[in-house]
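**Q** One structure coming up, written as structure tokens, with questions to follow.
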Amino acid sequence: MTLDAFIEKRNASKAIRIGSHILFWIILFFSSYFLSKSSYDPYTATPLGYLFPLRRTLELILFFYPLMYVLIPYFFEKKRWIPFFLYFTLLLYFIILIEAVSEKLTFYYCDSCAAMAQERDPDYLSVLQKSVLDNFLFKSSSIGLYFNLFSGLLLPIAIKSSLGYYQIHIKNLELEKEKVQLELSFLKAQVNPHFLFNTLNNLYGLILHDRPDASTETVTRLSDYLRYSLDNANKKSIPLSDEIALIRNYIELESLRLNHTKVSFTTNVDNTKASLPPLLFIPIIENAFKYNVDKKDTEIRIDLSVNSNTVQLEVENAFGDNGTKNASGGLGLSNLKKRLDLYFSENYTYDIDIDNLVYKVSLKLILK
């Protein structure tokens, strides 16, 4: 099971969350117990060998949960500084009081512990034999107690903070992924009606010019295109060979309305396993047909080459003096640039050049 799957399962189950907390404190107790047993402390031969790590673990539990689940989220994170420091101080002195009471009771009821203390540290035992208030004031002035308490909290706080940060990070990634998917779905939804609108215009023109064979072929190719869109629109990537087949189909579809323009489509592919997002090249090619000047000696040239992980598409078309809108390309190319940013980030170049009424587009992709 991966870490993501475990954390997701843990967050979804209250029993697993509680169980993981109990397991952590049990491990912490036994770790402290075995550490004390392996030391040269003479108190390990008495019940203090397990009473001290047990008392320490319980004190950490009583300090950790109010601090992390009440004080920090309800006061510290909301910048309610005065209540936070007030309740933090009260919580701290409550733990010190528990420390003073529990230690006094331990040495009162544990004869072997008291005997060892009388032998090793009679001055400390005399302090413990005083009132609870004296013990509390004595421990409140002990820097070592504060150090041990806060150092003991470092590990559970670090684990909780790391899990919290990791969960926030994963949640942000999921939200970003959903945002990207929604935007891609929106862009694809725009591309398909845009192409359909142009194709229906072509079909309308063929019908007006009484070209039934061309009209029938157009309907067939349009049907193939729509079927392709339905099958692949929700896919992250498709084989390059499928995209090439779509381009050929599109070129044949658009060429039906041309009278003079020559259309050439060449491919040079040495990576047959390459894949890329669906319907990526169509807006560029569609733009070339849309603004092309259909007259003698004009050409639409489309070259596609794939070398290892690099895909290069070059498209050229002629346009008239009033065809400068070709440079912007409208909705199709605008959506294409957004898709390129989402899919490839900085791993692409998109260049446009206009030379002597010839519009040239060069798109280079670096496949991951």
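For the structure tokens, the naming scheme is as follows: chains receive sequential letters (A, B, ...) according to their order of presentation, residues are indexed from 1 within each chain, and ligands are indexed from 1 in presentation order.
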Please report, as a ChimeraX atom specification, each residue of region 123-311 of chain A to which DSSP assigns helix (DSSP H, G or I) when run on this structure's backbone.
**A** /A:123-128,132-140,143-208,212-232,240-255,282-291
**Q** Kindly provide the residues of region 206-289 of chain A that approach region 340-353 of chain A to within 10 Å, each paired with its closest atom pair and their distance in Å to one decimal, based on only C-alpha atoms, listed by chain and increasing number, as CSV.
**A**
```
residue,atom,partner,partner_atom,distance
A:Lys236,CA,A:Tyr343,CA,9.1
A:Leu276,CA,A:Tyr343,CA,9.2
A:Pro277,CA,A:Tyr343,CA,7.8
A:Leu280,CA,A:Leu340,CA,8.4
```
**Q** If we count only C-alpha atoms, what is near Ser308 (chain A) at a cut-off of 12 Å, once residues fewer than 5 positions away on the same chain are taken out, given as a PyMOL selection string?
**A** chain A and resi 268-275+365-368
**Q** Considering only C-alpha atoms, return as a list in words whatever protein or nucleic-acid residues lie within 12 Å of Phe30 (chain A), sequence-local ones (same chain, fewer than 2 positions apart) excluded.
**A** Leu23, Phe24, Trp25, Ile26, Ile27, Leu28, Ser32, Tyr33, Phe34, Leu35, Ser36, Lys37, Gly49, Tyr50, Leu51, Phe52, Pro53, Leu54, Arg56 and Thr57 of chain A
**Q** Which is closest to Leu133 (chain A) among A:Tyr109, A:Phe281, A:Phe88, A:Tyr93, if we use only C-alpha atoms?
**A**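 Of the candidates, the smallest distance to Leu133 (chain A) is held by A:Tyr93.
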**Q** Do a neighbour search on Tyr146 (chain A) at 12 Å with only C-alpha atoms, toss out local chain neighbours closer than 6 positions, and write the hits as a VMD selection string.
**A** chain A and resid 60 92 to 93 95 to 96 99 139 to 140 152 to 153
**Q** Quick one: residues within 12 Å of Ala114 (chain A), only C-alpha atoms, excluding same-chain residues fewer than 2 positions away - as a list of chain:residue names?
**A**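 Those residues are A:Tyr43, A:Thr46, A:Pro47, A:Leu48, A:Glu103, A:Lys104, A:Leu105, A:Thr106, A:Phe107, A:Tyr108, A:Tyr109, A:Cys110, A:Asp111, A:Ser112, A:Met116, A:Ala117, A:Gln118, A:Glu119, A:Arg120, A:Asp121, A:Pro122, A:Asp123, A:Tyr124, A:Leu125, A:Ser126, A:Leu128, A:Gln129.
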**Q** Mind dumping the selected residues with C-alpha atoms as a PDB file, in the first residue's frame?
**A**
```pdb
ATOM      1  CA  TYR A  43      16.239   3.656  39.748  1.00  0.00           C
ATOM      2  CA  THR A  46      12.841  -0.215  41.170  1.00  0.00           C
ATOM      3  CA  PRO A  47       9.272   0.228  39.860  1.00  0.00           C
ATOM      4  CA  LEU A  48      10.414   3.648  38.653  1.00  0.00           C
ATOM      5  CA  GLU A 103       5.953  11.943  41.726  1.00  0.00           C
ATOM      6  CA  LYS A 104       5.017  12.599  45.377  1.00  0.00           C
ATOM      7  CA  LEU A 105       2.549   9.701  45.310  1.00  0.00           C
ATOM      8  CA  THR A 106       5.107   7.436  43.643  1.00  0.00           C
ATOM      9  CA  PHE A 107       7.723   7.931  46.330  1.00  0.00           C
ATOM     10  CA  TYR A 108       5.069   7.769  49.073  1.00  0.00           C
ATOM     11  CA  TYR A 109       3.679   4.388  48.044  1.00  0.00           C
ATOM     12  CA  CYS A 110       6.834   2.859  46.530  1.00  0.00           C
ATOM     13  CA  ASP A 111       9.099   1.907  49.436  1.00  0.00           C
ATOM     14  CA  SER A 112      11.940   0.677  47.213  1.00  0.00           C
ATOM     15  CA  MET A 116      16.825   4.320  46.658  1.00  0.00           C
ATOM     16  CA  ALA A 117      16.168   8.065  46.796  1.00  0.00           C
ATOM     17  CA  GLN A 118      17.256   8.144  50.465  1.00  0.00           C
ATOM     18  CA  GLU A 119      20.486   6.447  49.470  1.00  0.00           C
ATOM     19  CA  ARG A 120      21.240   8.330  46.261  1.00  0.00           C
ATOM     20  CA  ASP A 121      19.652  11.776  46.721  1.00  0.00           C
ATOM     21  CA  PRO A 122      18.303  12.451  50.235  1.00  0.00           C
ATOM     22  CA  ASP A 123      17.960  16.196  49.588  1.00  0.00           C
ATOM     23  CA  TYR A 124      15.599  15.574  46.690  1.00  0.00           C
ATOM     24  CA  LEU A 125      13.588  13.114  48.778  1.00  0.00           C
ATOM     25  CA  SER A 126      13.200  15.721  51.507  1.00  0.00           C
ATOM     26  CA  LEU A 128       9.257  15.434  47.764  1.00  0.00           C
ATOM     27  CA  GLN A 129       8.145  14.861  51.339  1.00  0.00           C
TER      28      GLN A 129
END
```
**Q** Set the distance at 10 Å and use only C-alpha atoms: which residues neighbour region 316-320 of chain A once local chain neighbours fewer than 4 positions away are removed? I'd like the list as a ChimeraX atom specification.
**A** /A:261,263,284-285,287-295,297-303,324-326,352-362
